[in-house]
Amino acid sequence: MKRYDCVKVLASEVSEDTLAVVTIGGLRHEWHHARPSPANFFMNNMGGASSVGLGLALALPHRKVVVVDGDGALLLNLGMLATIATQAPPNLVHVVFDNQVYDSTARVPTATAHGVDLAGMAASAGIAKSFRVTDLEGFKERCHQALQTNATTFLCAKVEPGTADVPDLPVDHVEVKLRFVRYLEKTEKLSIHGLPPLE
Amino acid sequence: MTPATAKVIIEGLKQAGINFVTTLPEFNLQPLVQAIHDDAEIIHVPVCREEEGLGICAGAYLGGKQAAMVLMNTGFLLSANILTTLHYHTQIPVLMLIGYSGGMGEPYPAHTSLAKVTEPVLRALDIPYELVGRVDAMPKAIRYAQVQARSSRQPAAILMYQDVLFT
């Protein structure tokens, strides 16, 4: 299954106000192309998307948060499966596109190429709704369920390596952050950039 | 750290507006971690590794929380990547209360090497920090560090040692 086909499916399933935290690499270009939105936060960091997504989900329990992750990035921050399972925010959906390689790094195989089962690890960590999907129809169904129900969900989609021929994400990470902050300030009526009182 | 010291620190955190704290436990920090866990006004997220906690704080900040992390300098040293690529590069503040293993007065020989690198790494990462060894100095130090973090939109740190860690 091609990753971009899955990305388009996930993009069609999320609501306009769903917050997305997206890992670094070719995936971010695909996500931006399929779902251009100020509700996207693109990471300038490998591994941290699941951490930022959990923080957002806990801070804004009434908003759906989707983490758009990769196998190499999750393997770099595996403890997050335990931390997410422990917190279990019902508004968090963690989607991992598992292409079994470090795609931006000369396509070196990741541990999943040797049989490591990320959905199995997530289930063992305690995320009851952990699924491994290998076909587009199954992916669409699992995404739909995850976004319509209130339960922490982990989805591992087994995909081919490679990035679709889409234009590069045209914005800088600082710009992405400011845009995301302004969007949340407006939609949540928050003052994220405000200062605490000195006294 | 005693529960009385932990109480002073947690009051300082609350006066500074902190309402979201990630922690990774350590023997001297445990009374503070427990006090944070028991406080109904603070969302507490225990983590497995410090880079998780700093990333979670970044997400909480983007979601409107005033976030801090309680960690040791060992864990701070593990976190240079996320502090640089996420917090520093994209201007996301985080307050760090760092237990200073190897700081002046350290009783364990095995911890003393950490003191050689902790402050140089803080300076290398361009993170403003203050050394605090007196318990009664903690609330103001926390408030100023939090104001600094939010005005600069960068991380800021307090290195806790001496009386703050040991009494």
# chains A, B, ... in the order shown; residues from 1 in each chain; ligands from 1
$ interface_residues --of "chain A" --to "chain B" --cutoff "10 Å" --atoms "only C-alpha atoms" --output "ChimeraX atom specification"
/A:21,41,43-61,63,77-84,86-87,172-178,180-182,184-185,188-199
$ select_by_dssp --residues "chain B" --states "strand (DSSP E or B)" --output "VMD selection string"
chain B and resid 20 to 23 43 to 46 67 to 72 94 to 99 129 to 132 155 to 160
$ closest_residue --among "B:Arg134, B:Arg123, B:Lys116, B:His37" --to "B:Val8" --atoms "only C-alpha atoms"
B:Arg134
$ residues_around --residues "A:His29" --least-positions-apart "2" --cutoff "7 Å" --atoms "only C-alpha atoms" --output "number ranges by chain"
A: 26-27, 31-33, 166-169
$ residues_around --residues "stretch 114-131 of chain A" --least-positions-apart "4" --cutoff "6 Å" --atoms "only C-alpha atoms" --output "list of chain:residue names"
A:Leu81, A:Ala82, A:Ala85, A:Thr153, A:Phe154, A:Leu155, A:Cys156
$ closest_residue --among "A:Thr112, A:Ser37, A:Thr163, A:Gln148" --to "A:Val7" --atoms "only C-alpha atoms"
A:Thr163
$ residues_around --residues "A:Glu160" --least-positions-apart "3" --cutoff "10 Å" --atoms "only C-alpha atoms" --output "list in words"
Met1, Lys2, Arg3, Tyr4, Phe97, Asp98, Asn99, Gln100, Val101, Ala157 and Thr163 of chain A
$ write_last_selection --atoms "N, CA and C atoms" --output "PDB file, in the first residue's frame"
ATOM      1  N   MET A   1       0.853  -1.195   0.000  1.00  0.00           N
ATOM      2  CA  MET A   1       0.000   0.000   0.000  1.00  0.00           C
ATOM      3  C   MET A   1       0.884   1.238   0.000  1.00  0.00           C
ATOM      4  N   LYS A   2       0.461   2.233  -0.776  1.00  0.00           N
ATOM      5  CA  LYS A   2       1.247   3.459  -0.867  1.00  0.00           C
ATOM      6  C   LYS A   2       0.886   4.404   0.279  1.00  0.00           C
ATOM      7  N   ARG A   3       1.931   5.036   0.850  1.00  0.00           N
ATOM      8  CA  ARG A   3       1.693   5.913   1.988  1.00  0.00           C
ATOM      9  C   ARG A   3       0.784   7.084   1.620  1.00  0.00           C
ATOM     10  N   TYR A   4       1.002   7.662   0.440  1.00  0.00           N
ATOM     11  CA  TYR A   4       0.224   8.849   0.094  1.00  0.00           C
ATOM     12  C   TYR A   4      -1.274   8.531  -0.045  1.00  0.00           C
ATOM     13  N   PHE A  97       3.047   5.498   9.997  1.00  0.00           N
ATOM     14  CA  PHE A  97       3.239   4.948   8.657  1.00  0.00           C
ATOM     15  C   PHE A  97       4.557   4.186   8.664  1.00  0.00           C
ATOM     16  N   ASP A  98       4.445   2.873   8.638  1.00  0.00           N
ATOM     17  CA  ASP A  98       5.602   1.991   8.815  1.00  0.00           C
ATOM     18  C   ASP A  98       6.073   1.494   7.444  1.00  0.00           C
ATOM     19  N   ASN A  99       7.098   2.163   6.914  1.00  0.00           N
ATOM     20  CA  ASN A  99       7.641   1.750   5.609  1.00  0.00           C
ATOM     21  C   ASN A  99       8.909   0.910   5.762  1.00  0.00           C
ATOM     22  N   GLN A 100       9.270   0.601   7.006  1.00  0.00           N
ATOM     23  CA  GLN A 100      10.368  -0.319   7.324  1.00  0.00           C
ATOM     24  C   GLN A 100      11.754   0.200   6.937  1.00  0.00           C
ATOM     25  N   VAL A 101      11.836   1.492   6.619  1.00  0.00           N
ATOM     26  CA  VAL A 101      13.162   2.075   6.309  1.00  0.00           C
ATOM     27  C   VAL A 101      13.249   3.494   6.882  1.00  0.00           C
ATOM     28  N   ALA A 157       0.184   1.542   9.956  1.00  0.00           N
ATOM     29  CA  ALA A 157      -0.132   1.217   8.559  1.00  0.00           C
ATOM     30  C   ALA A 157       1.150   0.776   7.856  1.00  0.00           C
ATOM     31  N   THR A 163       8.218   8.748  -1.235  1.00  0.00           N
ATOM     32  CA  THR A 163       7.338   9.898  -1.055  1.00  0.00           C
ATOM     33  C   THR A 163       6.694  10.225  -2.387  1.00  0.00           C
TER      34      THR A 163
END
$ atom_distance --atom1 "atom CA of B:Gly103" --atom2 "atom CA of B:Met138"
16.6 Å
$ residues_around --residues "B:Lys7" --least-positions-apart "2" --cutoff "12 Å" --atoms "only C-alpha atoms" --output "PyMOL selection string"
chain B and resi 1-5+9-14+31-36+38-39+135-136+138-139+164
$ residues_around --residues "A:Ser15" --least-positions-apart "3" --cutoff "9 Å" --atoms "only C-alpha atoms" --output "PyMOL selection string"
chain A and resi 11-12+18-19+64+147
$ select_by_dssp --residues "stretch 52-141 of chain A" --states "alpha helix (DSSP H)" --output "JSON, numbers by chain"
{"A": [52, 53, 54, 55, 56, 57, 58, 59, 71, 72, 73, 74, 75, 79, 80, 81, 82, 83, 84, 85, 86, 87, 118, 119, 120, 121, 122, 123, 124, 125, 136, 137, 138, 139, 140, 141]}
$ write_last_selection --atoms "N, CA and C atoms" --output "compact mmCIF listing (two decimals), in the first residue's frame"
# COMPACT_ATOMS: atom_id res chain seq x y z
N VAL A 52 4.72 15.80 21.61
CA VAL A 52 3.99 17.05 21.45
C VAL A 52 2.49 16.76 21.32
N GLY A 53 2.15 15.71 20.60
CA GLY A 53 0.74 15.34 20.43
C GLY A 53 0.09 14.99 21.76
N LEU A 54 0.81 14.27 22.61
CA LEU A 54 0.24 13.93 23.93
C LEU A 54 0.04 15.19 24.76
N GLY A 55 1.03 16.09 24.74
CA GLY A 55 0.87 17.34 25.51
C GLY A 55 -0.33 18.14 25.06
N LEU A 56 -0.53 18.21 23.75
CA LEU A 56 -1.70 18.93 23.20
C LEU A 56 -3.00 18.25 23.61
N ALA A 57 -3.01 16.93 23.51
CA ALA A 57 -4.24 16.18 23.82
C ALA A 57 -4.62 16.35 25.28
N LEU A 58 -3.63 16.42 26.17
CA LEU A 58 -3.92 16.59 27.60
C LEU A 58 -4.34 18.03 27.90
N ALA A 59 -3.73 18.98 27.18
CA ALA A 59 -4.06 20.39 27.42
C ALA A 59 -5.44 20.75 26.87
N ASP A 71 7.88 4.99 11.39
CA ASP A 71 8.44 3.90 12.21
C ASP A 71 9.79 4.29 12.81
N GLY A 72 10.65 4.93 12.02
CA GLY A 72 11.95 5.33 12.54
C GLY A 72 11.81 6.34 13.67
N ALA A 73 10.89 7.28 13.49
CA ALA A 73 10.67 8.32 14.51
C ALA A 73 10.13 7.72 15.80
N LEU A 74 9.18 6.79 15.68
CA LEU A 74 8.65 6.16 16.90
C LEU A 74 9.72 5.32 17.60
N LEU A 75 10.53 4.62 16.80
CA LEU A 75 11.59 3.79 17.40
C LEU A 75 12.59 4.65 18.18
N GLY A 79 9.57 5.00 24.42
CA GLY A 79 8.97 5.12 25.75
C GLY A 79 7.61 5.78 25.71
N MET A 80 7.37 6.56 24.65
CA MET A 80 6.08 7.26 24.53
C MET A 80 4.91 6.29 24.47
N LEU A 81 5.12 5.06 23.99
CA LEU A 81 4.01 4.10 23.99
C LEU A 81 3.55 3.85 25.43
N ALA A 82 4.51 3.73 26.34
CA ALA A 82 4.18 3.53 27.76
C ALA A 82 3.55 4.78 28.35
N THR A 83 4.09 5.94 27.99
CA THR A 83 3.58 7.20 28.55
C THR A 83 2.17 7.48 28.04
N ILE A 84 1.94 7.26 26.75
CA ILE A 84 0.59 7.46 26.19
C ILE A 84 -0.39 6.46 26.81
N ALA A 85 0.05 5.20 26.95
CA ALA A 85 -0.84 4.18 27.54
C ALA A 85 -1.21 4.55 28.96
N THR A 86 -0.26 5.13 29.70
CA THR A 86 -0.50 5.49 31.10
C THR A 86 -1.48 6.66 31.20
N GLN A 87 -1.30 7.66 30.33
CA GLN A 87 -2.19 8.83 30.37
C GLN A 87 -3.53 8.52 29.71
N LEU A 118 5.15 -2.87 15.81
CA LEU A 118 4.86 -1.67 16.61
C LEU A 118 3.46 -1.71 17.21
N ALA A 119 2.49 -2.22 16.46
CA ALA A 119 1.13 -2.31 17.01
C ALA A 119 1.09 -3.31 18.17
N GLY A 120 1.85 -4.37 18.05
CA GLY A 120 1.95 -5.34 19.15
C GLY A 120 2.59 -4.70 20.37
N MET A 121 3.61 -3.88 20.17
CA MET A 121 4.26 -3.19 21.29
C MET A 121 3.29 -2.20 21.94
N ALA A 122 2.52 -1.49 21.10
CA ALA A 122 1.55 -0.52 21.64
C ALA A 122 0.49 -1.25 22.46
N ALA A 123 0.02 -2.39 21.95
CA ALA A 123 -0.98 -3.17 22.67
C ALA A 123 -0.41 -3.68 23.99
N SER A 124 0.82 -4.15 23.95
CA SER A 124 1.45 -4.65 25.18
C SER A 124 1.70 -3.53 26.18
N ALA A 125 1.91 -2.32 25.68
CA ALA A 125 2.08 -1.17 26.58
C ALA A 125 0.77 -0.86 27.30
N LEU A 136 -5.82 -0.64 2.21
CA LEU A 136 -6.38 0.72 2.26
C LEU A 136 -7.79 0.75 2.85
N GLU A 137 -8.57 -0.27 2.51
CA GLU A 137 -9.95 -0.33 3.02
C GLU A 137 -9.94 -0.46 4.54
N GLY A 138 -9.06 -1.34 5.02
CA GLY A 138 -8.94 -1.53 6.48
C GLY A 138 -8.43 -0.26 7.15
N PHE A 139 -7.52 0.43 6.50
CA PHE A 139 -6.99 1.67 7.07
C PHE A 139 -8.08 2.71 7.19
N LYS A 140 -8.89 2.82 6.13
CA LYS A 140 -9.98 3.80 6.13
C LYS A 140 -10.96 3.50 7.27
N GLU A 141 -11.29 2.24 7.44
CA GLU A 141 -12.23 1.84 8.47
C GLU A 141 -11.69 2.14 9.87
$ atom_distance --atom1 "atom CA of A:Ala146" --atom2 "atom CA of A:Asp5"
18.0 Å
$ closest_residue --among "B:Leu24, B:Ile42, B:Val70, B:Ala6" --to "B:Asp163" --atoms "only C-alpha atoms"
B:Ala6
